[in-house]
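One structure is given below, encoded as C-alpha cells.
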Amino acid sequence: MSNPRRALVVVDVQQEYFDGPLTIQHPPRTDALARVVRAIGVAREHGLPAVVVQHTAGEGAPVFAPGTPGFDNHPDVEAAVDPAWKRVTKGYGSVFAGTDVADWLREVGADTITVVGFMTNNCDLATAVEAEGLGVAVEVLSDASGAIHLANSAGKVHARDLHETLMTLLNSNFASVATTEQWEQAVAAGTALETGSDLGSSAMAGRAAFDA
C-alpha cells in the first residue's frame with residue numbers, strides 16, 4: 001500500500017489508566033500520553049479523519065462507569081482533539097464491536113487505521129485482530145500505547161515484556177508497528193510505514209535468532 005488513506009483511532013485514553021488498578025506500567029504512562037497528544041496534533045495538521053473512543057463497563061461498574069472520573073478522557077487529550085471529531089462509546093475490547101466505526105471508515109474513505117491509546121494487551125490487540133476480517137489495514141504506535149503487569153492462574157508477565165511481545169506479534173501479521181516519529185514522517189510523505197513484517201519472515205528471523 002503506497003498511499004494509505006489513514007484515520008486516527010484514539011482508544012480509551014481514560015483516567016482509569018492513570019490512577020487505579022489499571023494504571024499503565026509500560027511505556028511510562030506520561031510518555032505514552034505525550035505521544036498520543038502528538039499523534040492527535042499530526043492528525044489535525046494533516047486533516048486526517050479521527051475517532052475518539054471511550055470504554056464503558058456500564059452504570060455502577062467498578063471501573064469505566066459513565067459519570068465517574070475514571071470514565072473521562074485524560075484532560076490533555078480533551079484539550080488536543082478537534083471538537084468536530086467523531087466520538088464513540090464501546091462496551092467490548094475492539095473498537096469495531098457493537099459500534100459504527102467500520103461504517104464510518106467507509107464513509108470517510110479510510111482504508112487504514114492508526115491505533116493509539118490503551119491497552120496494548122486488550123483493546124489495541126482486539127481492534128487490530130478484528131480489523132483483519134474487515135479488510136482494514138492497521139498501524140499501531142508502540143510509544144503511544146501501553147500495557148499493565150498481569151498475573152493469574154496461567155502465570156505472570158511484566159508490562160514491559162507483555163508490551164514488547166505484543167508489538168512483535170502484531171508486527172508479524174496484524175499491523176505495522178512504528179514509533180510516533182516514524183509515523184509522523186510517513187504521514188507527511190503520504191506513504192505507508194516500512195516497519196510491517198509478515199508471519200513467514202518473522203518466523204524465519206525468529207529461528208535464526210533462537211535456534212542458532
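We name chains A, B, ... following the order of the C-alpha cells; residues begin at 1 in each chain, and ligands are numbered from 1 as shown.
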Please identify which residues in range 120-153 of chain A DSSP calls strand (DSSP E) from the backbone, and express them as a PyMOL selection string.
-> chain A and resi 137-146+150-152
Go ahead and write the selection's residues with N, CA, C and O atoms as a PDB file, in the first residue's frame.
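Output file part.pdb follows:
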```pdb
ATOM      1  N   ALA A 137      -6.458  -2.095   7.016  1.00  0.00           N
ATOM      2  CA  ALA A 137      -5.062  -2.154   7.419  1.00  0.00           C
ATOM      3  C   ALA A 137      -4.885  -1.411   8.746  1.00  0.00           C
ATOM      4  O   ALA A 137      -5.628  -0.474   9.047  1.00  0.00           O
ATOM      5  N   VAL A 138      -3.893  -1.841   9.523  1.00  0.00           N
ATOM      6  CA  VAL A 138      -3.702  -1.286  10.866  1.00  0.00           C
ATOM      7  C   VAL A 138      -2.263  -0.838  11.064  1.00  0.00           C
ATOM      8  O   VAL A 138      -1.319  -1.523  10.652  1.00  0.00           O
ATOM      9  N   GLU A 139      -2.122   0.304  11.693  1.00  0.00           N
ATOM     10  CA  GLU A 139      -0.846   0.789  12.206  1.00  0.00           C
ATOM     11  C   GLU A 139      -1.003   0.948  13.717  1.00  0.00           C
ATOM     12  O   GLU A 139      -2.026   1.457  14.175  1.00  0.00           O
ATOM     13  N   VAL A 140      -0.030   0.515  14.473  1.00  0.00           N
ATOM     14  CA  VAL A 140      -0.041   0.678  15.927  1.00  0.00           C
ATOM     15  C   VAL A 140       1.216   1.439  16.318  1.00  0.00           C
ATOM     16  O   VAL A 140       2.328   1.055  15.929  1.00  0.00           O
ATOM     17  N   LEU A 141       1.050   2.513  17.073  1.00  0.00           N
ATOM     18  CA  LEU A 141       2.194   3.304  17.509  1.00  0.00           C
ATOM     19  C   LEU A 141       2.662   2.791  18.864  1.00  0.00           C
ATOM     20  O   LEU A 141       1.974   2.936  19.876  1.00  0.00           O
ATOM     21  N   SER A 142       3.835   2.190  18.878  1.00  0.00           N
ATOM     22  CA  SER A 142       4.316   1.471  20.052  1.00  0.00           C
ATOM     23  C   SER A 142       4.567   2.368  21.249  1.00  0.00           C
ATOM     24  O   SER A 142       4.426   1.931  22.398  1.00  0.00           O
ATOM     25  N   ASP A 143       4.934   3.623  21.006  1.00  0.00           N
ATOM     26  CA  ASP A 143       5.222   4.532  22.118  1.00  0.00           C
ATOM     27  C   ASP A 143       4.019   5.389  22.489  1.00  0.00           C
ATOM     28  O   ASP A 143       4.098   6.214  23.402  1.00  0.00           O
ATOM     29  N   ALA A 144       2.900   5.197  21.797  1.00  0.00           N
ATOM     30  CA  ALA A 144       1.661   5.909  22.103  1.00  0.00           C
ATOM     31  C   ALA A 144       0.591   4.929  22.563  1.00  0.00           C
ATOM     32  O   ALA A 144      -0.600   5.154  22.389  1.00  0.00           O
ATOM     33  N   SER A 145       1.021   3.831  23.137  1.00  0.00           N
ATOM     34  CA  SER A 145       0.144   2.800  23.687  1.00  0.00           C
ATOM     35  C   SER A 145       0.821   2.278  24.942  1.00  0.00           C
ATOM     36  O   SER A 145       1.879   2.763  25.325  1.00  0.00           O
ATOM     37  N   GLY A 146       0.224   1.289  25.603  1.00  0.00           N
ATOM     38  CA  GLY A 146       0.849   0.813  26.827  1.00  0.00           C
ATOM     39  C   GLY A 146       0.135  -0.384  27.424  1.00  0.00           C
ATOM     40  O   GLY A 146      -1.036  -0.647  27.129  1.00  0.00           O
ATOM     41  N   LEU A 150       0.510  -8.275  34.491  1.00  0.00           N
ATOM     42  CA  LEU A 150      -0.574  -9.250  34.612  1.00  0.00           C
ATOM     43  C   LEU A 150      -0.111 -10.465  35.412  1.00  0.00           C
ATOM     44  O   LEU A 150       1.042 -10.897  35.283  1.00  0.00           O
ATOM     45  N   ALA A 151      -1.014 -11.020  36.218  1.00  0.00           N
ATOM     46  CA  ALA A 151      -0.762 -12.280  36.912  1.00  0.00           C
ATOM     47  C   ALA A 151      -2.092 -12.975  37.145  1.00  0.00           C
ATOM     48  O   ALA A 151      -3.064 -12.350  37.561  1.00  0.00           O
ATOM     49  N   ASN A 152      -2.139 -14.260  36.825  1.00  0.00           N
ATOM     50  CA  ASN A 152      -3.345 -15.053  37.062  1.00  0.00           C
ATOM     51  C   ASN A 152      -2.943 -16.524  37.136  1.00  0.00           C
ATOM     52  O   ASN A 152      -1.753 -16.837  37.253  1.00  0.00           O
TER      53      ASN A 152
END
```
Just list the residues in range 31-152 of chain A DSSP gives alpha helix (DSSP H) on the backbone, as an NGL selection string.
-> :A and (31-46 or 75-80 or 101-108 or 125-134)
Residues from the last selection, N, CA and C atoms, saved as a tab-separated table (two decimals), in the first residue's frame:
```
chain	number	residue	atom	x	y	z
A	31	ASP	N	4.77	9.42	29.29
A	31	ASP	CA	5.42	9.44	27.98
A	31	ASP	C	4.45	8.99	26.90
A	32	ALA	N	3.70	7.91	27.17
A	32	ALA	CA	2.73	7.43	26.19
A	32	ALA	C	1.66	8.49	25.92
A	33	LEU	N	1.22	9.16	26.97
A	33	LEU	CA	0.22	10.22	26.81
A	33	LEU	C	0.74	11.32	25.91
A	34	ALA	N	1.98	11.72	26.11
A	34	ALA	CA	2.56	12.78	25.29
A	34	ALA	C	2.59	12.37	23.82
A	35	ARG	N	2.87	11.09	23.56
A	35	ARG	CA	2.89	10.61	22.17
A	35	ARG	C	1.49	10.57	21.58
A	36	VAL	N	0.50	10.21	22.39
A	36	VAL	CA	-0.88	10.24	21.91
A	36	VAL	C	-1.26	11.66	21.52
A	37	VAL	N	-0.93	12.61	22.36
A	37	VAL	CA	-1.24	14.01	22.07
A	37	VAL	C	-0.52	14.47	20.81
A	38	ARG	N	0.72	14.01	20.63
A	38	ARG	CA	1.45	14.36	19.41
A	38	ARG	C	0.77	13.79	18.18
A	39	ALA	N	0.34	12.53	18.27
A	39	ALA	CA	-0.36	11.92	17.14
A	39	ALA	C	-1.64	12.67	16.81
A	40	ILE	N	-2.34	13.12	17.82
A	40	ILE	CA	-3.55	13.92	17.60
A	40	ILE	C	-3.20	15.20	16.85
A	41	GLY	N	-2.10	15.83	17.26
A	41	GLY	CA	-1.67	17.04	16.58
A	41	GLY	C	-1.32	16.80	15.12
A	42	VAL	N	-0.67	15.68	14.83
A	42	VAL	CA	-0.33	15.34	13.45
A	42	VAL	C	-1.60	15.12	12.63
A	43	ALA	N	-2.57	14.42	13.21
A	43	ALA	CA	-3.84	14.19	12.50
A	43	ALA	C	-4.54	15.49	12.18
A	44	ARG	N	-4.54	16.42	13.12
A	44	ARG	CA	-5.18	17.71	12.87
A	44	ARG	C	-4.41	18.50	11.81
A	45	GLU	N	-3.10	18.46	11.90
A	45	GLU	CA	-2.26	19.21	10.95
A	45	GLU	C	-2.47	18.74	9.52
A	46	HIS	N	-2.64	17.42	9.36
A	46	HIS	CA	-2.74	16.86	8.01
A	46	HIS	C	-4.19	16.55	7.61
A	75	PRO	N	-7.47	14.90	30.51
A	75	PRO	CA	-7.68	16.29	30.07
A	75	PRO	C	-6.73	16.74	28.96
A	76	ASP	N	-5.53	16.17	28.89
A	76	ASP	CA	-4.62	16.54	27.81
A	76	ASP	C	-5.17	16.10	26.45
A	77	VAL	N	-5.86	14.97	26.44
A	77	VAL	CA	-6.48	14.51	25.20
A	77	VAL	C	-7.66	15.40	24.83
A	78	GLU	N	-8.50	15.69	25.81
A	78	GLU	CA	-9.65	16.54	25.53
A	78	GLU	C	-9.23	17.92	25.03
A	79	ALA	N	-8.12	18.41	25.53
A	79	ALA	CA	-7.64	19.72	25.08
A	79	ALA	C	-7.06	19.67	23.67
A	80	ALA	N	-6.61	18.49	23.24
A	80	ALA	CA	-5.92	18.37	21.96
A	80	ALA	C	-6.84	18.01	20.80
A	101	VAL	N	-18.04	2.12	13.78
A	101	VAL	CA	-16.73	2.59	13.33
A	101	VAL	C	-16.39	2.06	11.94
A	102	ALA	N	-16.69	0.80	11.65
A	102	ALA	CA	-16.40	0.25	10.33
A	102	ALA	C	-17.17	1.01	9.24
A	103	ASP	N	-18.44	1.30	9.50
A	103	ASP	CA	-19.24	2.07	8.54
A	103	ASP	C	-18.66	3.47	8.37
A	104	TRP	N	-18.25	4.08	9.46
A	104	TRP	CA	-17.67	5.42	9.42
A	104	TRP	C	-16.39	5.45	8.58
A	105	LEU	N	-15.56	4.42	8.72
A	105	LEU	CA	-14.34	4.36	7.92
A	105	LEU	C	-14.67	4.36	6.43
A	106	ARG	N	-15.69	3.61	6.06
A	106	ARG	CA	-16.09	3.60	4.65
A	106	ARG	C	-16.61	4.96	4.23
A	107	GLU	N	-17.33	5.62	5.09
A	107	GLU	CA	-17.89	6.94	4.76
A	107	GLU	C	-16.79	7.98	4.52
A	108	VAL	N	-15.73	7.91	5.32
A	108	VAL	CA	-14.65	8.90	5.17
A	108	VAL	C	-13.59	8.45	4.18
A	125	LEU	N	-5.06	-4.72	20.88
A	125	LEU	CA	-4.93	-6.05	20.28
A	125	LEU	C	-6.25	-6.49	19.64
A	126	ALA	N	-7.35	-6.36	20.36
A	126	ALA	CA	-8.65	-6.78	19.84
A	126	ALA	C	-9.03	-6.01	18.58
A	127	THR	N	-8.72	-4.72	18.57
A	127	THR	CA	-9.04	-3.89	17.41
A	127	THR	C	-8.24	-4.32	16.19
A	128	ALA	N	-6.96	-4.56	16.37
A	128	ALA	CA	-6.11	-4.96	15.25
A	128	ALA	C	-6.53	-6.30	14.69
A	129	VAL	N	-6.89	-7.23	15.54
A	129	VAL	CA	-7.30	-8.57	15.09
A	129	VAL	C	-8.61	-8.49	14.33
A	130	GLU	N	-9.60	-7.75	14.84
A	130	GLU	CA	-10.88	-7.67	14.14
A	130	GLU	C	-10.75	-6.92	12.82
A	131	ALA	N	-9.84	-5.96	12.75
A	131	ALA	CA	-9.67	-5.19	11.51
A	131	ALA	C	-9.28	-6.09	10.34
A	132	GLU	N	-8.53	-7.15	10.62
A	132	GLU	CA	-8.10	-8.04	9.54
A	132	GLU	C	-9.31	-8.59	8.78
A	133	GLY	N	-10.32	-9.04	9.51
A	133	GLY	CA	-11.50	-9.60	8.87
A	133	GLY	C	-12.34	-8.57	8.15
A	134	LEU	N	-12.16	-7.31	8.50
A	134	LEU	CA	-12.90	-6.22	7.86
A	134	LEU	C	-12.17	-5.66	6.65
```
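Reported to one decimal place, the separation of CA of Arg29 in chain A from CA of Val115 in chain A is 16.1 Å.
In this structure, CA of Gly206 in chain A sits 16.5 Å away from CA of Asp161 in chain A.
Shortest atom-to-atom contact with Thr114 in chain A among A:Phe210, A:Trp183, A:Phe64, A:Phe174: A:Trp183, counting only C-alpha atoms.
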